[in-house]
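Asks: If it helps, the file is called structure_13.tsv and holds TSV, C-alpha atoms and all ligand atoms:
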```tsv
chain	number	residue	atom	x	y	z
A	21	MET	CA	11.71	-16.78	-33.77
A	22	ALA	CA	12.29	-16.84	-30.01
A	23	THR	CA	9.83	-18.22	-27.47
A	24	VAL	CA	9.31	-17.00	-23.91
A	25	LEU	CA	7.36	-18.76	-21.14
A	26	ILE	CA	5.94	-16.32	-18.58
A	27	THR	CA	4.63	-17.86	-15.36
A	28	GLY	CA	2.12	-15.65	-13.60
A	29	GLY	CA	1.29	-14.40	-17.10
A	30	ALA	CA	-2.25	-13.39	-16.10
A	31	GLY	CA	-1.02	-11.30	-13.18
A	32	PHE	CA	-0.30	-7.60	-12.96
A	33	LEU	CA	3.36	-7.72	-14.04
A	34	GLY	CA	3.09	-10.94	-16.06
A	35	SER	CA	0.37	-9.61	-18.34
A	36	HIS	CA	2.31	-6.43	-19.10
A	37	LEU	CA	5.34	-8.60	-19.89
A	38	CYS	CA	3.22	-10.67	-22.30
A	39	ASP	CA	2.32	-7.43	-24.10
A	40	ARG	CA	5.94	-6.28	-24.28
A	41	PHE	CA	7.38	-9.56	-25.56
A	42	LEU	CA	4.61	-9.87	-28.19
A	43	ALA	CA	5.30	-6.30	-29.30
A	44	GLU	CA	8.98	-7.22	-29.67
A	45	GLY	CA	8.08	-10.12	-31.97
A	46	TRP	CA	8.40	-13.05	-29.55
A	47	GLU	CA	6.23	-16.16	-29.31
A	48	VAL	CA	4.68	-15.92	-25.85
A	49	ILE	CA	3.41	-18.76	-23.70
A	50	ALA	CA	1.65	-17.46	-20.58
A	51	MET	CA	1.03	-19.81	-17.68
A	52	ASP	CA	-1.18	-18.98	-14.70
A	53	SER	CA	-3.34	-20.81	-12.16
A	54	PHE	CA	-5.64	-17.77	-11.65
A	55	LEU	CA	-5.05	-17.94	-7.89
A	56	THR	CA	-4.48	-14.17	-7.90
A	57	GLY	CA	-4.20	-13.51	-11.66
A	58	THR	CA	-7.23	-13.07	-13.90
A	59	PRO	CA	-8.04	-13.85	-17.55
A	60	ASP	CA	-9.28	-10.23	-17.86
A	61	ASN	CA	-5.64	-9.13	-17.94
A	62	LEU	CA	-5.05	-11.24	-21.07
A	63	ALA	CA	-8.46	-10.93	-22.76
A	64	HIS	CA	-7.02	-8.67	-25.46
A	65	LEU	CA	-4.39	-11.29	-26.38
A	66	PHE	CA	-6.50	-14.42	-26.80
A	67	GLY	CA	-6.67	-15.33	-30.49
A	68	GLN	CA	-3.35	-13.70	-31.40
A	69	SER	CA	-1.23	-16.16	-33.40
A	70	ARG	CA	1.99	-15.73	-31.38
A	71	PHE	CA	0.23	-16.04	-28.02
A	72	ARG	CA	-0.62	-19.24	-26.15
A	73	PHE	CA	-2.10	-19.62	-22.68
A	74	ILE	CA	-1.80	-22.63	-20.38
A	75	LYS	CA	-3.87	-22.71	-17.19
A	76	TYR	CA	-1.50	-24.43	-14.80
A	77	ASP	CA	-0.17	-24.36	-11.27
A	78	VAL	CA	3.64	-24.27	-11.27
A	79	THR	CA	3.81	-26.19	-8.02
A	80	GLN	CA	3.02	-29.26	-10.17
A	81	TYR	CA	5.62	-30.82	-12.48
A	82	ILE	CA	5.70	-28.70	-15.64
A	83	PHE	CA	5.79	-30.13	-19.13
A	84	VAL	CA	5.61	-27.80	-22.13
A	85	PRO	CA	6.20	-29.25	-25.64
A	86	GLY	CA	8.45	-27.48	-28.15
A	87	PRO	CA	11.37	-25.09	-27.85
A	88	ILE	CA	11.61	-22.39	-25.17
A	89	ASP	CA	14.40	-19.81	-25.21
A	90	LEU	CA	13.55	-17.82	-22.09
A	91	VAL	CA	11.64	-18.53	-18.87
A	92	LEU	CA	10.36	-15.64	-16.74
A	93	HIS	CA	9.20	-16.88	-13.33
A	94	PHE	CA	6.66	-14.26	-12.25
A	95	ALA	CA	4.06	-16.52	-10.63
A	96	CYS	CA	3.53	-15.77	-6.93
A	97	PRO	CA	0.97	-13.96	-4.76
A	98	ALA	CA	2.79	-10.65	-4.22
A	99	SER	CA	0.62	-8.44	-2.04
A	100	PRO	CA	0.74	-8.91	1.74
A	101	VAL	CA	-3.02	-9.54	1.84
A	102	ASP	CA	-2.69	-12.32	-0.76
A	103	TYR	CA	0.35	-14.06	0.61
A	104	LEU	CA	-1.00	-13.95	4.15
A	105	ARG	CA	-4.19	-15.62	2.86
A	106	TYR	CA	-2.25	-18.25	0.84
A	107	LYS	CA	0.75	-18.76	3.12
A	108	ILE	CA	1.73	-22.31	2.26
A	109	HIS	CA	0.86	-22.00	-1.40
A	110	THR	CA	3.05	-18.89	-1.66
A	111	MET	CA	5.94	-20.89	-0.21
A	112	LYS	CA	5.26	-23.71	-2.68
A	113	VAL	CA	5.21	-21.36	-5.68
A	114	ASP	CA	8.64	-20.03	-4.68
A	115	SER	CA	10.16	-23.39	-3.84
A	116	LEU	CA	8.52	-26.11	-5.95
A	117	GLY	CA	7.51	-23.58	-8.61
A	118	THR	CA	11.03	-22.19	-8.84
A	119	LEU	CA	12.46	-25.73	-8.91
A	120	HIS	CA	10.12	-26.80	-11.71
A	121	THR	CA	10.68	-23.69	-13.82
A	122	LEU	CA	14.46	-23.93	-13.37
A	123	GLY	CA	14.29	-27.61	-14.32
A	124	LEU	CA	12.31	-26.67	-17.41
A	125	ALA	CA	14.86	-23.98	-18.35
A	126	LYS	CA	17.68	-26.49	-17.92
A	127	ALA	CA	15.90	-29.11	-20.05
A	128	LYS	CA	15.16	-26.59	-22.82
A	129	GLY	CA	18.56	-24.86	-22.70
A	130	ALA	CA	16.64	-21.65	-21.95
A	131	ARG	CA	17.72	-18.49	-20.17
A	132	TYR	CA	15.93	-17.91	-16.83
A	133	LEU	CA	14.83	-14.74	-15.09
A	134	LEU	CA	13.55	-14.87	-11.52
A	135	ALA	CA	11.17	-12.19	-10.26
A	136	SER	CA	12.61	-11.58	-6.81
A	137	THR	CA	11.71	-8.72	-4.54
A	138	SER	CA	12.96	-5.88	-2.36
A	139	GLU	CA	11.32	-7.88	0.47
A	140	ILE	CA	14.47	-10.01	0.58
A	141	TYR	CA	16.11	-6.96	2.24
A	142	GLY	CA	13.51	-7.17	5.04
A	143	ASP	CA	13.45	-4.10	7.33
A	144	PRO	CA	16.73	-2.72	5.97
A	145	GLU	CA	19.53	-1.29	8.12
A	146	VAL	CA	21.33	-0.05	4.99
A	147	HIS	CA	19.70	2.74	3.02
A	148	PRO	CA	19.26	2.86	0.06
A	149	GLN	CA	19.63	-0.85	-0.58
A	150	PRO	CA	22.37	-2.02	-2.99
A	151	GLU	CA	22.43	-5.59	-4.31
A	152	THR	CA	25.41	-6.31	-2.04
A	153	TYR	CA	23.28	-5.83	1.11
A	154	TRP	CA	22.25	-9.17	2.65
A	155	GLY	CA	19.09	-7.94	4.30
A	156	HIS	CA	17.44	-7.95	7.72
A	157	VAL	CA	14.65	-10.50	7.61
A	158	ASN	CA	12.57	-12.09	10.38
A	159	PRO	CA	12.53	-15.78	9.37
A	160	ILE	CA	9.40	-16.58	11.40
A	161	GLY	CA	7.50	-13.28	11.06
A	162	PRO	CA	4.27	-12.93	9.07
A	163	ARG	CA	6.11	-11.75	5.94
A	164	SER	CA	8.49	-14.71	6.01
A	165	VAL	CA	6.17	-16.80	3.83
A	166	TYR	CA	7.03	-14.38	1.05
A	167	ASP	CA	10.48	-12.99	1.78
A	168	GLU	CA	12.12	-16.23	2.91
A	169	ALA	CA	10.55	-18.06	-0.02
A	170	LYS	CA	11.99	-15.49	-2.43
A	171	ARG	CA	15.39	-15.79	-0.70
A	172	PHE	CA	15.20	-19.55	-1.23
A	173	SER	CA	14.27	-18.93	-4.89
A	174	GLU	CA	17.34	-16.75	-5.32
A	175	ALA	CA	19.58	-19.40	-3.70
A	176	LEU	CA	18.11	-22.17	-5.86
A	177	SER	CA	18.50	-20.07	-9.02
A	178	MET	CA	22.17	-19.46	-8.22
A	179	ALA	CA	22.63	-23.19	-7.53
A	180	TYR	CA	21.29	-23.95	-11.03
A	181	TYR	CA	23.67	-21.35	-12.45
A	182	HIS	CA	26.72	-22.75	-10.66
A	183	THR	CA	25.82	-26.45	-10.96
A	184	HIS	CA	24.16	-26.67	-14.35
A	185	GLY	CA	25.32	-23.48	-16.05
A	186	VAL	CA	21.75	-22.23	-16.57
A	187	ASP	CA	21.89	-18.56	-17.64
A	188	VAL	CA	20.06	-17.20	-14.59
A	189	ARG	CA	19.29	-13.53	-13.91
A	190	ILE	CA	17.58	-12.22	-10.79
A	191	ALA	CA	15.49	-9.03	-10.72
A	192	ARG	CA	14.90	-7.61	-7.23
A	193	ILE	CA	11.71	-5.70	-7.84
A	194	PHE	CA	10.74	-2.79	-5.58
A	195	ASN	CA	7.13	-1.56	-5.24
A	196	VAL	CA	5.43	-1.34	-8.65
A	197	TYR	CA	2.05	0.15	-9.47
A	198	GLY	CA	-0.13	0.87	-12.47
A	199	GLU	CA	-2.92	-0.42	-14.66
A	200	ARG	CA	-4.19	-3.98	-13.98
A	201	MET	CA	-3.47	-3.95	-10.27
A	202	ARG	CA	-6.45	-5.41	-8.50
A	203	MET	CA	-8.65	-2.88	-6.74
A	204	ASN	CA	-8.78	-5.03	-3.63
A	205	ASP	CA	-5.24	-6.43	-3.54
A	206	GLY	CA	-4.64	-4.54	-0.30
A	207	ARG	CA	-1.57	-2.61	-1.37
A	208	ALA	CA	-1.27	1.06	-0.60
A	209	ILE	CA	-1.71	2.56	-4.07
A	210	PRO	CA	-4.84	0.73	-5.30
A	211	THR	CA	-6.36	0.93	-1.81
A	212	PHE	CA	-5.80	4.68	-1.50
A	213	ILE	CA	-7.01	5.40	-5.04
A	214	VAL	CA	-10.25	3.45	-4.63
A	215	GLN	CA	-10.85	5.01	-1.22
A	216	ALA	CA	-10.23	8.49	-2.66
A	217	LEU	CA	-12.50	7.95	-5.67
A	218	ARG	CA	-15.29	6.63	-3.44
A	219	GLN	CA	-14.82	9.55	-0.98
A	220	GLU	CA	-14.17	6.96	1.76
A	221	PRO	CA	-11.53	7.39	4.49
A	222	ILE	CA	-7.95	6.78	3.30
A	223	THR	CA	-6.41	4.21	5.66
A	224	VAL	CA	-2.80	5.00	6.51
A	225	TYR	CA	-1.15	2.30	8.64
A	226	GLY	CA	0.98	3.43	11.58
A	227	ASP	CA	1.87	7.13	11.63
A	228	GLY	CA	2.56	7.09	7.88
A	229	THR	CA	6.24	8.00	8.26
A	230	GLN	CA	7.39	4.68	6.78
A	231	THR	CA	8.68	5.11	3.24
A	232	ARG	CA	8.43	3.28	-0.07
A	233	SER	CA	9.76	4.01	-3.56
A	234	PHE	CA	7.14	3.43	-6.24
A	235	CYS	CA	7.91	2.44	-9.83
A	236	GLU	CA	5.34	2.77	-12.63
A	237	VAL	CA	4.76	-0.53	-14.41
A	238	SER	CA	5.98	0.56	-17.88
A	239	ASP	CA	9.38	1.44	-16.40
A	240	LEU	CA	9.59	-1.86	-14.57
A	241	VAL	CA	8.68	-3.85	-17.68
A	242	ASP	CA	11.41	-2.07	-19.62
A	243	GLY	CA	13.97	-2.95	-16.95
A	244	VAL	CA	12.90	-6.61	-16.95
A	245	TYR	CA	13.02	-6.72	-20.74
A	246	ARG	CA	16.57	-5.39	-20.77
A	247	LEU	CA	17.73	-7.72	-18.01
A	248	ALA	CA	16.18	-10.70	-19.81
A	249	THR	CA	17.48	-9.96	-23.29
A	250	ARG	CA	20.97	-8.46	-22.91
A	251	PRO	CA	23.82	-10.93	-23.47
A	252	GLY	CA	26.50	-11.58	-20.87
A	253	LEU	CA	24.52	-11.19	-17.64
A	254	ALA	CA	24.40	-14.80	-16.40
A	255	GLY	CA	24.39	-14.99	-12.61
A	256	GLU	CA	23.64	-11.26	-12.14
A	257	VAL	CA	21.21	-9.89	-9.58
A	258	VAL	CA	19.86	-6.41	-10.30
A	259	ASN	CA	17.59	-4.04	-8.36
A	260	LEU	CA	14.71	-2.66	-10.44
A	261	GLY	CA	12.72	0.17	-8.93
A	262	ASN	CA	12.29	3.92	-8.81
A	263	PRO	CA	14.65	5.58	-6.31
A	264	GLU	CA	12.21	8.47	-5.61
A	265	GLU	CA	11.23	7.82	-2.00
A	266	TYR	CA	8.00	8.97	-0.32
A	267	THR	CA	6.42	8.57	3.09
A	268	ILE	CA	3.07	6.80	3.07
A	269	ILE	CA	1.37	9.92	4.39
A	270	GLU	CA	2.79	11.88	1.42
A	271	LEU	CA	1.47	9.17	-0.87
A	272	ALA	CA	-2.02	9.41	0.70
A	273	GLN	CA	-2.05	13.21	0.35
A	274	THR	CA	-0.87	13.07	-3.27
A	275	VAL	CA	-3.50	10.49	-4.24
A	276	LYS	CA	-6.20	12.51	-2.51
A	277	GLN	CA	-5.18	15.69	-4.29
A	278	LEU	CA	-4.80	14.12	-7.76
A	279	ALA	CA	-8.16	12.35	-7.43
A	280	GLY	CA	-9.82	15.61	-6.38
A	281	SER	CA	-11.16	13.78	-3.34
A	282	SER	CA	-12.64	15.04	-0.09
A	283	SER	CA	-11.75	11.80	1.76
A	284	LYS	CA	-10.41	12.06	5.30
A	285	ILE	CA	-7.03	10.48	6.03
A	286	VAL	CA	-7.36	8.08	9.00
A	287	PHE	CA	-4.70	6.11	10.89
A	288	GLN	CA	-4.86	2.36	11.57
A	289	PRO	CA	-2.42	-0.01	13.32
A	290	LEU	CA	0.83	-0.79	11.51
A	291	PRO	CA	1.02	-4.47	10.46
A	292	ALA	CA	3.77	-6.54	12.15
A	293	ASP	CA	7.24	-6.32	10.57
A	294	ASP	CA	6.17	-3.59	8.12
A	295	PRO	CA	9.52	-2.27	6.79
A	296	LYS	CA	10.26	1.30	7.92
A	297	ARG	CA	11.94	2.40	4.72
A	298	ARG	CA	12.76	1.12	1.29
A	299	ARG	CA	14.59	2.65	-1.62
A	300	PRO	CA	16.59	0.93	-4.36
A	301	ASP	CA	20.17	1.75	-5.23
A	302	ILE	CA	19.90	1.40	-9.02
A	303	ALA	CA	23.52	2.13	-9.95
A	304	LYS	CA	23.95	-1.46	-11.12
A	305	ALA	CA	20.86	-1.35	-13.35
A	306	GLU	CA	22.12	1.92	-14.84
A	307	ARG	CA	25.55	0.41	-15.48
A	308	LEU	CA	24.53	-3.01	-16.83
A	309	LEU	CA	21.25	-2.15	-18.54
A	310	GLY	CA	21.46	1.57	-19.25
A	311	TRP	CA	18.15	1.71	-17.40
A	312	GLN	CA	16.48	4.18	-15.12
A	313	PRO	CA	12.79	4.96	-14.57
A	314	VAL	CA	11.32	7.89	-16.49
A	315	VAL	CA	7.77	8.09	-15.06
A	316	GLY	CA	7.50	10.23	-11.91
A	317	LEU	CA	5.02	9.48	-9.14
A	318	ARG	CA	2.48	12.19	-10.00
A	319	GLU	CA	2.36	11.27	-13.69
A	320	GLY	CA	2.10	7.56	-12.89
A	321	LEU	CA	-0.59	8.13	-10.29
A	322	GLU	CA	-2.62	10.21	-12.75
A	323	ARG	CA	-2.59	7.31	-15.23
A	324	THR	CA	-3.46	4.82	-12.52
A	325	ILE	CA	-6.25	6.96	-11.10
A	326	ALA	CA	-7.75	7.27	-14.61
A	327	TYR	CA	-7.62	3.46	-14.91
A	328	PHE	CA	-9.35	2.85	-11.58
A	329	ARG	CA	-11.94	5.51	-12.38
A	330	ARG	CA	-12.87	3.54	-15.52
A	331	LYS	CA	-12.92	0.27	-13.57
A	332	LEU	CA	-15.21	1.71	-10.91
A	333	GLU	CA	-17.59	3.01	-13.59
A	334	GLU	CA	-17.74	-0.51	-15.12
A	335	THR	CA	-18.75	-2.14	-11.83
B	401	LIG	N1	-0.34	0.77	3.76
B	401	LIG	C1	-1.20	1.70	4.34
B	401	LIG	N2	-2.54	1.58	4.09
B	401	LIG	C2	-3.09	0.62	3.31
B	401	LIG	C3	-2.20	-0.31	2.71
B	401	LIG	C4	-0.84	-0.22	2.95
B	401	LIG	O1	-0.76	2.61	5.04
B	401	LIG	O2	-4.33	0.59	3.16
B	401	LIG	C5	1.09	0.89	4.02
B	401	LIG	C6	1.78	-0.41	4.46
B	401	LIG	O3	1.66	-0.58	5.86
B	401	LIG	C7	3.20	-0.16	4.01
B	401	LIG	C8	3.04	0.72	2.76
B	401	LIG	O4	1.73	1.28	2.83
B	401	LIG	O5	3.90	0.58	4.98
B	401	LIG	C9	3.17	-0.04	1.47
B	401	LIG	O6	2.34	-1.17	1.55
B	401	LIG	P1	2.10	-2.15	0.32
B	401	LIG	O7	1.23	-3.25	0.78
B	401	LIG	O8	1.65	-1.35	-0.86
B	401	LIG	O9	3.55	-2.67	-0.06
B	401	LIG	P2	4.71	-3.38	0.81
B	401	LIG	O10	4.44	-3.21	2.29
B	401	LIG	O11	4.72	-4.79	0.38
B	401	LIG	O12	5.91	-2.61	0.41
```
Take the structure from the file and write it as structure tokens.
Ligand code: UDP
Replies:
Amino acid sequence: MATVLITGGAGFLGSHLCDRFLAEGWEVIAMDSFLTGTPDNLAHLFGQSRFRFIKYDVTQYIFVPGPIDLVLHFACPASPVDYLRYKIHTMKVDSLGTLHTLGLAKAKGARYLLASTSEIYGDPEVHPQPETYWGHVNPIGPRSVYDEAKRFSEALSMAYYHTHGVDVRIARIFNVYGERMRMNDGRAIPTFIVQALRQEPITVYGDGTQTRSFCEVSDLVDGVYRLATRPGLAGEVVNLGNPEEYTIIELAQTVKQLAGSSSKIVFQPLPADDPKRRRPDIAKAERLLGWQPVVGLREGLERTIAYFRRKLEET
């Protein structure tokens, strides 16, 4: 029986990964400090025999008894609102937290998968972004607490691979959405959906011509599962995301229409260093993992709108 440790296990992506690894027969240890994660995301798993939860902050030295075969480092505030609120802690999670989880993987002889991000490409001058692109990042801009920290995490992971032979894999994750996102996490999709369902103005930043490529969470989890479990991928970095690219104004209009909302679309100032475009080149994921997303934006948004509708009725 194989055991996986998932840091950030109570978060949006982490909790879906707990579900997937349990469904595949793994022993799952979830670790989370609840800084931005919530026990609600794991409530359905407490009491299951192959599931354990440890409330812990990965910026502290980590000790976990017993064997571990795979470490997934998914702890980290990931929405701009969160990481701008917890600037230094975000940097600690992706420096000390990455160091401690890599050290744990080394000590246990475990494979290691780092949750990196499309943010490491910054405001890209190459479009779409392949893994070979080095990025265009402002090292002292507001987003640097996140993107530079993730760049450091990637460098440290590769150092553990080259120095200690740890089987490290890096997933560069582009925008993901779906059930269990927090209503108030500040990102475009949950914000627009909640605004549309409440018939409040939908707040588009800038002129809305900036683009993003949105991946539904079940597709992303499948990509991570493949990257984590396939043999022979030590030292590989792979983009995971949906290459369908939309402007933010198109996103706002689609959400409004699918939610059957009469909300107005209003324009607010664009945050500093907001990337103008972002779209993954997923040729490498297709080649190495046989993976590509199958859920289109409208279908994924319908599921997500239904989820937020239920959440709003509960509150
Ligand atoms: N955005 C927006 N209105 C909002 C929240 C976000 O127009 O209420 C924009 C944001 O400026 C960015 C895009 O939507 O251009 C995606 O933002 P998000 O925070 O979801 O992801 P990220 O910027 O990290 O890709």
Asks: Kindly provide, as a list in words, all nucleotide and amino acid residues lying within 6 Å of ligand LIG 401 (chain B), counting all atoms listed in the file.
Replies: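 Here is the list of contacting residues: Ser99, Pro100, Asn195, Gly206, Arg207, Ala208, Thr211, Thr223, Val224, Tyr225, Gln230, Ile268, Leu290 and Asp294 of chain A.
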Asks: Tell me which of A:Ser282, A:Gln149, A:Thr110, A:Thr23 sits closest to Trp46 of chain A, counting all atoms listed in the file.
Replies: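 Closest to Trp46 of chain A, using all atoms listed in the file: A:Thr23.
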Asks: Mind pulling up the distance from atom CA of Gln68 of chain A to atom CA of Glu44 of chain A?
Replies: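 Value for the atom CA of Glu44 of chain A-atom CA of Gln68 of chain A distance: 14.0 Å.
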Asks: Tell me which of A:Phe194, A:Gly243, A:Leu90, A:Arg200 sits closest to Leu62 of chain A, counting all atoms listed in the file.
Replies: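 Among A:Phe194, A:Gly243, A:Leu90, A:Arg200, it is A:Arg200 that comes nearest to Leu62 of chain A.
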Asks: Could you check how far atom CA of Leu133 of chain A sits from atom CA of Thr324 of chain A, in Å to one decimal?
Replies: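 Atom-to-atom, atom CA of Leu133 of chain A to atom CA of Thr324 of chain A, that is 26.9 Å.
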Asks: Would you work out the distance separating atom CA of Thr267 of chain A from atom CA of Pro144 of chain A, expressed in Å to one decimal?
Replies: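 Separation between atom CA of Thr267 of chain A and atom CA of Pro144 of chain A: 15.6 Å.
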Asks: Please put the answer as AutoDock Vina command-line options: centre and edge lengths, in Å with one decimal, of a box along x, y and z that encloses all listed atoms of segment 310-320 of chain A plus 3 Å on each side.
Replies:
```
--center_x 11.8 --center_y 6.9 --center_z -14.2 --size_x 25.4 --size_y 16.6 --size_z 16.1
```
Asks: Excluding same-chain residues fewer than 5 positions from Phe212 of chain A, what lies within 10 Å of it counting only C-alpha atoms, as a VMD selection string?
Replies: chain A and resid 203 206 to 207 217 to 218 220 to 224 271 to 276 279 283 285 325
Asks: Please supply segment 318-335 of chain A, rebuilt with N, CA and C atoms, as an mmCIF file, in the frame of the given file.
Replies:
```
data_model
loop_
_atom_site.group_PDB
_atom_site.id
_atom_site.type_symbol
_atom_site.label_atom_id
_atom_site.label_comp_id
_atom_site.auth_asym_id
_atom_site.auth_seq_id
_atom_site.Cartn_x
_atom_site.Cartn_y
_atom_site.Cartn_z
ATOM 1 N N ARG A 318 3.737 11.484 -9.695
ATOM 2 C CA ARG A 318 2.480 12.190 -10.000
ATOM 3 C C ARG A 318 1.922 11.759 -11.353
ATOM 4 N N GLU A 319 2.808 11.674 -12.348
ATOM 5 C CA GLU A 319 2.360 11.270 -13.690
ATOM 6 C C GLU A 319 1.813 9.827 -13.654
ATOM 7 N N GLY A 320 2.539 8.952 -12.972
ATOM 8 C CA GLY A 320 2.100 7.560 -12.890
ATOM 9 C C GLY A 320 0.797 7.421 -12.128
ATOM 10 N N LEU A 321 0.660 8.199 -11.055
ATOM 11 C CA LEU A 321 -0.590 8.130 -10.290
ATOM 12 C C LEU A 321 -1.761 8.655 -11.110
ATOM 13 N N GLU A 322 -1.523 9.694 -11.912
ATOM 14 C CA GLU A 322 -2.620 10.210 -12.750
ATOM 15 C C GLU A 322 -3.129 9.127 -13.692
ATOM 16 N N ARG A 323 -2.190 8.408 -14.339
ATOM 17 C CA ARG A 323 -2.590 7.310 -15.230
ATOM 18 C C ARG A 323 -3.368 6.239 -14.467
ATOM 19 N N THR A 324 -2.865 5.922 -13.278
ATOM 20 C CA THR A 324 -3.460 4.820 -12.520
ATOM 21 C C THR A 324 -4.827 5.218 -11.979
ATOM 22 N N ILE A 325 -4.946 6.480 -11.569
ATOM 23 C CA ILE A 325 -6.250 6.960 -11.100
ATOM 24 C C ILE A 325 -7.263 6.914 -12.241
ATOM 25 N N ALA A 326 -6.840 7.308 -13.450
ATOM 26 C CA ALA A 326 -7.750 7.270 -14.610
ATOM 27 C C ALA A 326 -8.204 5.829 -14.867
ATOM 28 N N TYR A 327 -7.283 4.874 -14.715
ATOM 29 C CA TYR A 327 -7.620 3.460 -14.910
ATOM 30 C C TYR A 327 -8.657 2.995 -13.881
ATOM 31 N N PHE A 328 -8.415 3.309 -12.614
ATOM 32 C CA PHE A 328 -9.350 2.850 -11.580
ATOM 33 C C PHE A 328 -10.700 3.574 -11.684
ATOM 34 N N ARG A 329 -10.668 4.802 -12.156
ATOM 35 C CA ARG A 329 -11.940 5.510 -12.380
ATOM 36 C C ARG A 329 -12.789 4.753 -13.400
ATOM 37 N N ARG A 330 -12.138 4.315 -14.493
ATOM 38 C CA ARG A 330 -12.870 3.540 -15.520
ATOM 39 C C ARG A 330 -13.378 2.233 -14.932
ATOM 40 N N LYS A 331 -12.522 1.563 -14.167
ATOM 41 C CA LYS A 331 -12.920 0.270 -13.570
ATOM 42 C C LYS A 331 -14.119 0.440 -12.648
ATOM 43 N N LEU A 332 -14.106 1.492 -11.852
ATOM 44 C CA LEU A 332 -15.210 1.710 -10.910
ATOM 45 C C LEU A 332 -16.501 2.019 -11.666
ATOM 46 N N GLU A 333 -16.383 2.708 -12.807
ATOM 47 C CA GLU A 333 -17.590 3.010 -13.590
ATOM 48 C C GLU A 333 -18.172 1.738 -14.207
ATOM 49 N N GLU A 334 -17.277 0.754 -14.534
ATOM 50 C CA GLU A 334 -17.740 -0.510 -15.120
ATOM 51 C C GLU A 334 -18.500 -1.360 -14.112
ATOM 52 N N THR A 335 -18.166 -1.207 -12.808
ATOM 53 C CA THR A 335 -18.750 -2.140 -11.830
ATOM 54 C C THR A 335 -20.011 -1.583 -11.181
#
```
